[in-house]
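A.B. asks: Supplied structure: input_25.pdb, PDB, C-alpha atoms and all ligand atoms.
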MODEL        1
ATOM      1  CA  MET O   1       0.583  -1.106 -11.673  1.00  0.00           C
ATOM      2  CA  ALA O   2      -2.149   0.086  -9.600  1.00  0.00           C
ATOM      3  CA  ALA O   3      -5.751   0.314 -10.710  1.00  0.00           C
ATOM      4  CA  LEU O   4      -9.227   1.219  -9.638  1.00  0.00           C
ATOM      5  CA  ALA O   5     -11.978  -1.406  -9.551  1.00  0.00           C
ATOM      6  CA  ILE O   6     -15.423   0.012 -10.230  1.00  0.00           C
ATOM      7  CA  ARG O   7     -18.444  -2.022  -9.286  1.00  0.00           C
ATOM      8  CA  ASN O   8     -21.729  -1.538 -11.098  1.00  0.00           C
ATOM      9  CA  GLU O   9     -24.589  -3.152  -9.214  1.00  0.00           C
ATOM     10  CA  GLN O  10     -27.135  -2.459 -11.961  1.00  0.00           C
ATOM     11  CA  ASN O  11     -25.490  -4.434 -14.745  1.00  0.00           C
ATOM     12  CA  LYS O  12     -23.452  -6.679 -12.408  1.00  0.00           C
ATOM     13  CA  THR O  13     -20.075  -5.771 -13.831  1.00  0.00           C
ATOM     14  CA  VAL O  14     -16.838  -4.831 -12.173  1.00  0.00           C
ATOM     15  CA  THR O  15     -14.322  -2.902 -14.258  1.00  0.00           C
ATOM     16  CA  ILE O  16     -10.588  -2.844 -13.590  1.00  0.00           C
ATOM     17  CA  SER O  17      -9.586   0.595 -14.822  1.00  0.00           C
ATOM     18  CA  ALA O  18      -5.983   1.719 -15.263  1.00  0.00           C
ATOM     19  CA  LYS O  19      -4.111   4.369 -17.176  1.00  0.00           C
ATOM     20  CA  LEU O  20      -0.599   3.803 -18.488  1.00  0.00           C
ATOM     21  CA  ILE O  21       1.411   7.001 -18.571  1.00  0.00           C
ATOM     22  CA  PHE O  22       4.343   6.281 -20.876  1.00  0.00           C
ATOM     23  CA  TYR O  23       7.562   8.258 -21.038  1.00  0.00           C
ATOM     24  CA  GLY O  24      11.064   7.554 -22.333  1.00  0.00           C
ATOM     25  CA  ASN O  25      12.792   7.370 -25.699  1.00  0.00           C
ATOM     26  CA  HIS O  26      10.565   4.566 -26.999  1.00  0.00           C
ATOM     27  CA  ALA O  27       7.248   5.977 -25.820  1.00  0.00           C
ATOM     28  CA  THR O  28       5.505   6.088 -29.185  1.00  0.00           C
ATOM     29  CA  GLU O  29       1.833   6.072 -30.093  1.00  0.00           C
ATOM     30  CA  GLU O  30       2.172   2.809 -32.012  1.00  0.00           C
ATOM     31  CA  LEU O  31       3.886   0.944 -29.166  1.00  0.00           C
ATOM     32  CA  ALA O  32       1.574   2.392 -26.511  1.00  0.00           C
ATOM     33  CA  GLN O  33      -1.493   1.281 -28.436  1.00  0.00           C
ATOM     34  CA  ALA O  34      -0.094  -2.218 -29.024  1.00  0.00           C
ATOM     35  CA  ILE O  35       0.632  -2.617 -25.297  1.00  0.00           C
ATOM     36  CA  ALA O  36      -2.792  -1.352 -24.219  1.00  0.00           C
ATOM     37  CA  ASN O  37      -4.533  -3.620 -26.733  1.00  0.00           C
ATOM     38  CA  GLU O  38      -2.532  -6.675 -25.692  1.00  0.00           C
ATOM     39  CA  ILE O  39      -3.324  -6.179 -22.006  1.00  0.00           C
ATOM     40  CA  ARG O  40      -7.022  -5.517 -22.609  1.00  0.00           C
ATOM     41  CA  ASP O  41      -7.520  -8.428 -25.000  1.00  0.00           C
ATOM     42  CA  MET O  42      -5.640 -10.929 -22.847  1.00  0.00           C
ATOM     43  CA  TYR O  43      -7.542 -10.016 -19.662  1.00  0.00           C
ATOM     44  CA  HIS O  44     -10.878 -10.223 -21.477  1.00  0.00           C
ATOM     45  CA  GLU O  45     -10.080 -13.597 -23.006  1.00  0.00           C
ATOM     46  CA  PRO O  46     -11.174 -15.831 -20.090  1.00  0.00           C
ATOM     47  CA  LYS O  47     -14.474 -13.899 -19.740  1.00  0.00           C
ATOM     48  CA  ALA O  48     -13.961 -14.061 -16.005  1.00  0.00           C
ATOM     49  CA  SER O  49     -16.459 -13.296 -13.293  1.00  0.00           C
ATOM     50  CA  VAL O  50     -15.992 -12.810  -9.562  1.00  0.00           C
ATOM     51  CA  SER O  51     -18.199 -13.289  -6.557  1.00  0.00           C
ATOM     52  CA  LEU O  52     -18.836 -10.070  -4.581  1.00  0.00           C
ATOM     53  CA  ASP O  53     -21.221 -10.330  -1.638  1.00  0.00           C
ATOM     54  CA  GLU O  54     -22.392 -13.657  -3.014  1.00  0.00           C
ATOM     55  CA  GLU O  55     -23.357 -12.317  -6.426  1.00  0.00           C
ATOM     56  CA  ARG O  56     -21.486 -12.903  -9.669  1.00  0.00           C
ATOM     57  CA  TYR O  57     -20.008  -9.899 -11.439  1.00  0.00           C
ATOM     58  CA  GLU O  58     -18.610 -10.008 -14.966  1.00  0.00           C
ATOM     59  CA  VAL O  59     -15.062  -8.612 -14.979  1.00  0.00           C
ATOM     60  CA  ARG O  60     -14.163  -5.999 -17.569  1.00  0.00           C
ATOM     61  CA  ILE O  61     -10.932  -4.173 -18.073  1.00  0.00           C
ATOM     62  CA  ARG O  62     -10.318  -0.666 -19.285  1.00  0.00           C
ATOM     63  CA  ILE O  63      -6.788   0.420 -20.228  1.00  0.00           C
ATOM     64  CA  ASP O  64      -6.163   4.018 -21.247  1.00  0.00           C
ATOM     65  CA  TYR O  65      -2.791   5.474 -22.040  1.00  0.00           C
ATOM     66  CA  GLU O  66      -1.064   8.785 -22.509  1.00  0.00           C
ATOM     67  CA  LEU O  67       2.374   9.694 -23.849  1.00  0.00           C
ATOM     68  CA  VAL O  68       4.197  12.378 -21.905  1.00  0.00           C
ATOM     69  CA  SER O  69       7.589  14.060 -22.014  1.00  0.00           C
ATOM     70  CA  LEU O  70      10.102  13.812 -19.183  1.00  0.00           C
ATOM     71  CA  ALA O  71       9.324  17.418 -18.260  1.00  0.00           C
ATOM     72  CA  GLU O  72       5.628  16.540 -18.030  1.00  0.00           C
ATOM     73  CA  VAL O  73       5.952  13.265 -16.135  1.00  0.00           C
ATOM     74  CA  VAL O  74       7.908  14.731 -13.202  1.00  0.00           C
ATOM     75  CA  PRO O  75       5.165  17.006 -11.814  1.00  0.00           C
ATOM     76  CA  LEU O  76       2.495  14.448 -12.727  1.00  0.00           C
ATOM     77  CA  SER O  77       4.164  11.716 -10.674  1.00  0.00           C
ATOM     78  CA  ILE O  78       5.029  13.925  -7.713  1.00  0.00           C
ATOM     79  CA  GLU O  79       1.448  15.047  -7.280  1.00  0.00           C
ATOM     80  CA  ASN O  80      -0.214  11.760  -8.126  1.00  0.00           C
ATOM     81  CA  THR O  81      -2.829  10.299  -5.780  1.00  0.00           C
ATOM     82  CA  ASN O  82      -4.823   8.521  -8.501  1.00  0.00           C
ATOM     83  CA  PHE O  83      -4.712   4.716  -8.332  1.00  0.00           C
ATOM     84  CA  ARG O  84      -5.449   4.515 -12.048  1.00  0.00           C
ATOM     85  CA  TYR O  85      -2.137   6.183 -12.937  1.00  0.00           C
ATOM     86  CA  ASN O  86       0.870   4.023 -13.722  1.00  0.00           C
ATOM     87  CA  PHE O  87       4.161   5.520 -14.831  1.00  0.00           C
ATOM     88  CA  ILE O  88       5.990   3.265 -17.287  1.00  0.00           C
ATOM     89  CA  ARG O  89       9.292   4.144 -18.928  1.00  0.00           C
ATOM     90  CA  LEU O  90       9.767   2.585 -22.381  1.00  0.00           C
ATOM     91  CA  GLU O  91      13.344   2.058 -23.558  1.00  0.00           C
ATOM     92  CA  ALA O  92      15.280  -0.295 -25.805  1.00  0.00           C
ATOM     93  CA  GLN O  93      17.173  -1.876 -22.906  1.00  0.00           C
ATOM     94  CA  ASN O  94      17.956  -1.527 -19.190  1.00  0.00           C
ATOM     95  CA  HIS O  95      20.579  -2.654 -16.705  1.00  0.00           C
ATOM     96  CA  VAL O  96      18.761  -5.865 -15.776  1.00  0.00           C
ATOM     97  CA  THR O  97      17.963  -6.702 -19.458  1.00  0.00           C
ATOM     98  CA  ARG O  98      14.273  -7.320 -18.773  1.00  0.00           C
ATOM     99  CA  SER O  99      11.061  -5.406 -18.277  1.00  0.00           C
ATOM    100  CA  PHE O 100      10.193  -4.911 -14.625  1.00  0.00           C
ATOM    101  CA  MET O 101       7.737  -3.247 -12.294  1.00  0.00           C
ATOM    102  CA  GLY O 102       8.825  -1.150  -9.315  1.00  0.00           C
ATOM    103  CA  PHE O 103       8.705  -1.781  -5.629  1.00  0.00           C
ATOM    104  CA  GLY O 104       6.758  -4.845  -4.565  1.00  0.00           C
ATOM    105  CA  LEU O 105       3.589  -6.354  -5.978  1.00  0.00           C
ATOM    106  CA  GLY O 106       0.978  -3.767  -6.876  1.00  0.00           C
ATOM    107  CA  ASP O 107       3.304  -0.856  -7.477  1.00  0.00           C
ATOM    108  CA  ASN O 108       2.365   1.746 -10.084  1.00  0.00           C
ATOM    109  CA  VAL O 109       5.740   2.204 -11.799  1.00  0.00           C
ATOM    110  CA  GLY O 110       7.847   0.212 -14.222  1.00  0.00           C
ATOM    111  CA  HIS O 111      10.632   0.149 -16.767  1.00  0.00           C
ATOM    112  CA  TRP O 112       9.802  -1.915 -19.846  1.00  0.00           C
ATOM    113  CA  ILE O 113      12.104  -2.685 -22.757  1.00  0.00           C
ATOM    114  CA  THR O 114      11.247  -3.058 -26.422  1.00  0.00           C
ATOM    115  CA  THR O 115      13.531  -6.095 -26.801  1.00  0.00           C
ATOM    116  CA  ASP O 116      10.797  -7.929 -24.855  1.00  0.00           C
ATOM    117  CA  ASN O 117       8.580  -7.421 -27.916  1.00  0.00           C
ATOM    118  CA  LEU O 118       6.068  -5.368 -25.958  1.00  0.00           C
ATOM    119  CA  GLY O 119       2.517  -5.607 -27.253  1.00  0.00           C
ATOM    120  CA  LYS O 120       3.149  -8.931 -29.027  1.00  0.00           C
ATOM    121  CA  SER O 121       4.768 -11.179 -26.459  1.00  0.00           C
ATOM    122  CA  THR O 122       2.600 -11.395 -23.265  1.00  0.00           C
ATOM    123  CA  THR O 123       5.361  -9.582 -21.319  1.00  0.00           C
ATOM    124  CA  ALA O 124       3.376  -6.372 -20.838  1.00  0.00           C
ATOM    125  CA  THR O 125       0.352  -8.385 -19.696  1.00  0.00           C
ATOM    126  CA  HIS O 126       2.523 -10.357 -17.244  1.00  0.00           C
ATOM    127  CA  GLU O 127       3.991  -7.140 -15.815  1.00  0.00           C
ATOM    128  CA  PHE O 128       0.496  -5.671 -15.545  1.00  0.00           C
ATOM    129  CA  GLY O 129      -0.434  -8.746 -13.483  1.00  0.00           C
ATOM    130  CA  HIS O 130       2.335  -7.970 -10.977  1.00  0.00           C
ATOM    131  CA  ALA O 131       0.975  -4.465 -10.822  1.00  0.00           C
ATOM    132  CA  LEU O 132      -2.441  -5.832  -9.948  1.00  0.00           C
ATOM    133  CA  GLY O 133      -0.813  -7.650  -7.036  1.00  0.00           C
ATOM    134  CA  LEU O 134      -0.300 -11.070  -8.641  1.00  0.00           C
ATOM    135  CA  ASP O 135       2.837 -13.090  -7.896  1.00  0.00           C
ATOM    136  CA  HIS O 136       4.376 -15.965  -9.842  1.00  0.00           C
ATOM    137  CA  PRO O 137       2.552 -19.251  -9.156  1.00  0.00           C
ATOM    138  CA  ALA O 138       4.022 -21.694  -6.625  1.00  0.00           C
ATOM    139  CA  ARG O 139       3.712 -24.489  -9.211  1.00  0.00           C
ATOM    140  CA  ILE O 140       6.578 -24.726 -11.698  1.00  0.00           C
ATOM    141  CA  ASP O 141       5.458 -27.839 -13.598  1.00  0.00           C
ATOM    142  CA  PHE O 142       2.276 -27.427 -15.682  1.00  0.00           C
ATOM    143  CA  ARG O 143       2.584 -30.623 -17.711  1.00  0.00           C
ATOM    144  CA  GLY O 144      -0.841 -32.107 -18.339  1.00  0.00           C
ATOM    145  CA  LEU O 145      -2.571 -28.849 -17.435  1.00  0.00           C
ATOM    146  CA  GLY O 146      -2.561 -27.036 -20.779  1.00  0.00           C
ATOM    147  CA  ASN O 147      -1.579 -23.373 -21.094  1.00  0.00           C
ATOM    148  CA  PRO O 148      -0.198 -21.974 -17.845  1.00  0.00           C
ATOM    149  CA  GLY O 149      -1.435 -18.653 -16.495  1.00  0.00           C
ATOM    150  CA  ILE O 150      -0.062 -15.262 -17.480  1.00  0.00           C
ATOM    151  CA  MET O 151       1.938 -15.132 -14.233  1.00  0.00           C
ATOM    152  CA  ALA O 152       3.999 -18.227 -15.092  1.00  0.00           C
ATOM    153  CA  PRO O 153       7.629 -17.083 -15.270  1.00  0.00           C
ATOM    154  CA  ARG O 154      10.318 -18.070 -17.719  1.00  0.00           C
ATOM    155  CA  GLY O 155      11.658 -21.525 -16.946  1.00  0.00           C
ATOM    156  CA  THR O 156       8.192 -22.993 -16.240  1.00  0.00           C
ATOM    157  CA  ILE O 157       7.874 -26.659 -17.273  1.00  0.00           C
ATOM    158  CA  VAL O 158       5.002 -27.293 -19.710  1.00  0.00           C
ATOM    159  CA  ASP O 159       3.697 -29.783 -22.268  1.00  0.00           C
ATOM    160  CA  ALA O 160       6.077 -30.178 -25.223  1.00  0.00           C
ATOM    161  CA  SER O 161       3.792 -28.258 -27.611  1.00  0.00           C
ATOM    162  CA  LEU O 162       4.102 -25.152 -25.384  1.00  0.00           C
ATOM    163  CA  GLN O 163       7.908 -25.224 -25.181  1.00  0.00           C
ATOM    164  CA  TRP O 164      10.313 -23.037 -27.133  1.00  0.00           C
ATOM    165  CA  ASN O 165      11.368 -26.233 -28.855  1.00  0.00           C
ATOM    166  CA  PRO O 166       8.781 -29.055 -28.742  1.00  0.00           C
ATOM    167  CA  LEU O 167      11.423 -31.616 -29.708  1.00  0.00           C
ATOM    168  CA  VAL O 168      13.621 -31.404 -26.616  1.00  0.00           C
ATOM    169  CA  ALA O 169      13.021 -32.978 -23.215  1.00  0.00           C
ATOM    170  CA  ALA O 170      11.254 -30.926 -20.532  1.00  0.00           C
ATOM    171  CA  GLY O 171      13.693 -28.751 -18.627  1.00  0.00           C
ATOM    172  CA  GLU O 172      16.471 -29.047 -21.226  1.00  0.00           C
ATOM    173  CA  TYR O 173      17.635 -25.995 -23.182  1.00  0.00           C
ATOM    174  CA  GLY O 174      14.545 -24.947 -25.166  1.00  0.00           C
ATOM    175  CA  GLY O 175      12.425 -27.303 -23.084  1.00  0.00           C
ATOM    176  CA  THR O 176      10.620 -24.666 -21.052  1.00  0.00           C
ATOM    177  CA  LEU O 177       7.601 -22.406 -21.539  1.00  0.00           C
ATOM    178  CA  ASN O 178       7.547 -20.188 -24.604  1.00  0.00           C
ATOM    179  CA  PRO O 179       5.860 -17.154 -22.981  1.00  0.00           C
ATOM    180  CA  LEU O 180       3.645 -16.711 -26.054  1.00  0.00           C
ATOM    181  CA  HIS O 181       1.631 -19.639 -24.695  1.00  0.00           C
ATOM    182  CA  ARG O 182       0.778 -17.967 -21.388  1.00  0.00           C
ATOM    183  CA  ARG O 183      -2.915 -17.116 -21.006  1.00  0.00           C
ATOM    184  CA  VAL O 184      -4.728 -15.019 -18.433  1.00  0.00           C
ATOM    185  CA  GLN O 185      -6.750 -17.541 -16.453  1.00  0.00           C
ATOM    186  CA  ALA O 186     -10.026 -16.943 -14.636  1.00  0.00           C
ATOM    187  CA  TYR O 187      -8.387 -18.034 -11.355  1.00  0.00           C
ATOM    188  CA  GLU O 188      -5.799 -15.261 -11.769  1.00  0.00           C
ATOM    189  CA  ILE O 189      -8.479 -12.616 -12.202  1.00  0.00           C
ATOM    190  CA  GLU O 190     -10.322 -13.934  -9.144  1.00  0.00           C
ATOM    191  CA  ALA O 191      -7.061 -13.636  -7.185  1.00  0.00           C
ATOM    192  CA  ILE O 192      -6.888  -9.904  -7.990  1.00  0.00           C
ATOM    193  CA  PHE O 193     -10.127  -9.401  -6.053  1.00  0.00           C
ATOM    194  CA  LYS O 194      -9.162 -11.548  -3.071  1.00  0.00           C
ATOM    195  CA  ASP O 195      -8.336  -8.787  -0.588  1.00  0.00           C
ATOM    196  CA  ILE O 196      -9.831  -5.654  -2.077  1.00  0.00           C
ATOM    197  CA  VAL O 197     -12.575  -3.697  -0.380  1.00  0.00           C
ATOM    198  CA  PHE O 198     -15.177  -1.580  -2.145  1.00  0.00           C
ATOM    199  CA  ASP O 199     -16.322   1.716  -0.661  1.00  0.00           C
ATOM    200  CA  ASP O 200     -19.970   2.845  -0.542  1.00  0.00           C
ATOM    201  CA  ASN O 201     -19.689   4.307  -4.051  1.00  0.00           C
ATOM    202  CA  GLY O 202     -18.483   1.020  -5.527  1.00  0.00           C
ATOM    203  CA  TYR O 203     -14.809   1.908  -5.867  1.00  0.00           C
ATOM    204  CA  ALA O 204     -11.848  -0.170  -4.681  1.00  0.00           C
ATOM    205  CA  GLU O 205      -8.181   0.684  -4.904  1.00  0.00           C
ATOM    206  CA  ILE O 206      -5.816  -2.012  -6.174  1.00  0.00           C
ATOM    207  CA  GLY O 207      -2.088  -1.848  -5.459  1.00  0.00           C
ATOM    208  CA  HIS O 208      -0.105   1.071  -4.101  1.00  0.00           C
ATOM    209  CA  LEU O 209       1.496   4.257  -5.374  1.00  0.00           C
ATOM    210  CA  SER O 210       5.254   4.757  -5.182  1.00  0.00           C
ATOM    211  CA  ASN O 211       5.169   7.243  -8.102  1.00  0.00           C
ATOM    212  CA  VAL O 212       8.908   6.637  -8.636  1.00  0.00           C
ATOM    213  CA  LEU O 213      10.424   7.476 -12.018  1.00  0.00           C
ATOM    214  CA  PHE O 214      13.308   5.671 -13.721  1.00  0.00           C
ATOM    215  CA  SER O 215      16.326   6.765 -15.698  1.00  0.00           C
ATOM    216  CA  GLU O 216      16.947   5.541 -19.235  1.00  0.00           C
ATOM    217  CA  ASN O 217      18.769   2.401 -18.049  1.00  0.00           C
ATOM    218  CA  GLY O 218      16.310   1.618 -15.258  1.00  0.00           C
ATOM    219  CA  ASN O 219      17.815   3.205 -12.175  1.00  0.00           C
ATOM    220  CA  VAL O 220      15.665   5.269  -9.843  1.00  0.00           C
ATOM    221  CA  LEU O 221      15.558   8.811 -11.108  1.00  0.00           C
ATOM    222  CA  ASN O 222      16.371  11.369  -8.467  1.00  0.00           C
ATOM    223  CA  VAL O 223      14.340  14.477  -8.967  1.00  0.00           C
ATOM    224  CA  PHE O 224      15.557  17.571  -7.162  1.00  0.00           C
ATOM    225  CA  PHE O 225      13.837  20.906  -6.794  1.00  0.00           C
TER
HETATM  226 ZN    ZN O 301       7.163 -11.817 -13.262  1.00  0.00          ZN
ENDMDL
END
If you convert what's in this file into structure tokens, what do you get?
Ligand SMILES: [Zn+2]

C.D. replies:
Amino acid sequence: MAALAIRNEQNKTVTISAKLIFYGNHATEELAQAIANEIRDMYHEPKASVSLDEERYEVRIRIDYELVSLAEVVPLSIENTNFRYNFIRLEAQNHVTRSFMGFGLGDNVGHWITTDNLGKSTTATHEFGHALGLDHPARIDFRGLGNPGIMAPRGTIVDASLQWNPLVAAGEYGGTLNPLHRRVQAYEIEAIFKDIVFDDNGYAEIGHLSNVLFSENGNVLNVFF
């Protein structure tokens, strides 16, 4: 996902603003709202701030969404130059059996599947993190460190209480991170701002725009005219 960061020097806030443009057979109002709410609430949870030119700015996040038909999304994506716009196909399943974002960290396209319990599972928020340029952490063992960050992947080693099954040994079947216990951490939000540059009007572009669309099962959709 790409996004726009908007810096307000008066009230010392910086807002990450993105719009999710959903299409596909499972693009419903109810699901779209649940996803947008999950992402917004999880990114607000750490009440993060960042240092810009040696002043602290409170980080806010704004997630809008729109549901569009396949006929509508094609011209929208082809013409898109807006870093707020992210094109996400929602389907029941895809050929890699997991939700994914497009081409490299920071891309503005994805194919997400409802079997990942979107809006209730932290998956959408994790994928949004990739879209903001965040990678999986180098650390794979978070024992003794509490909840790992939102970018911790499946298979991460954690304290027993954060495992799928608290009763099994770390690393055994069921002995890895239950993704419900991932939390957006302040250090992850700070990482989003690491390399971004604000223009004179206080805007900074995050990520990049491939504007690629996907087929129902998650292959690149070829659009011919
Ligand atoms: Zn990931």

A.B. asks: Please extract the residues at most 9 Å from ligand ZN 301 (chain O), counting all atoms listed in the file, and provide them as a ChimeraX atom specification, using the chain letters and residue numbers of this document.

C.D. replies: /O:100-101,123,126-127,129-130,134-136,151-154

A.B. asks: Identify all residues satisfying the PyMOL selection byres (((chain O and resi 206) around 7) and not hetatm) in the given file; provide them as a count of residues only.

C.D. replies: 9

A.B. asks: Atom CA of Ser161 of chain O and atom CA of Trp112 of chain O, how far apart in Å?

C.D. replies: 28.1 Å

A.B. asks: Expand the PyMOL selection byres (((chain O and resi 176) around 6) and not hetatm) into the individual residues it matches in the shown file, reporting them as a list in words.

C.D. replies: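 For this structure, the PyMOL selection byres (((chain O and resi 176) around 6) and not hetatm) resolves to Gly155, Thr156, Ile157, Gln163, Gly171, Gly174, Gly175 and Leu177 of chain O.
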
A.B. asks: Please, could you write that set of residues out with C-alpha atoms as a compact mmCIF listing (two decimals), keeping the file's coordinate frame?

C.D. replies:
# COMPACT_ATOMS: atom_id res chain seq x y z
CA GLY O 155 11.66 -21.52 -16.95
CA THR O 156 8.19 -22.99 -16.24
CA ILE O 157 7.87 -26.66 -17.27
CA GLN O 163 7.91 -25.22 -25.18
CA GLY O 171 13.69 -28.75 -18.63
CA GLY O 174 14.54 -24.95 -25.17
CA GLY O 175 12.42 -27.30 -23.08
CA LEU O 177 7.60 -22.41 -21.54

A.B. asks: Calculate how many Å separate atom CA of Pro166 of chain O from atom CA of Pro137 of chain O, rounding to one decimal.

C.D. replies: 22.8 Å

A.B. asks: Hey, which of O:His111, O:His95, O:Lys12, O:Lys120 ends up closest to Ala36 of chain O? Count all atoms listed in the file.

C.D. replies: O:Lys120

A.B. asks: Write out as a ChimeraX atom specification each polymer residue whose atoms come within 7 Å of Asn86 of chain O, counting all atoms listed in the file; drop sequence neighbours fewer than 5 positions from it.

C.D. replies: /O:1-2,19-21,108-109

A.B. asks: Atoms to include: C-alpha atoms. Write the selected residues as a short mmCIF file (atom, residue, chain, number, x, y, z; two decimals), in the coordinates of the input.

C.D. replies:
data_model
loop_
_atom_site.label_atom_id
_atom_site.label_comp_id
_atom_site.auth_asym_id
_atom_site.auth_seq_id
_atom_site.Cartn_x
_atom_site.Cartn_y
_atom_site.Cartn_z
CA MET O 1 0.58 -1.11 -11.67
CA ALA O 2 -2.15 0.09 -9.60
CA LYS O 19 -4.11 4.37 -17.18
CA LEU O 20 -0.60 3.80 -18.49
CA ILE O 21 1.41 7.00 -18.57
CA ASN O 108 2.37 1.75 -10.08
CA VAL O 109 5.74 2.20 -11.80
#

A.B. asks: May I ask for the distance between atom CA of Ile192 of chain O and atom CA of Phe214 of chain O, given in Å to one decimal place?

C.D. replies: 26.1 Å
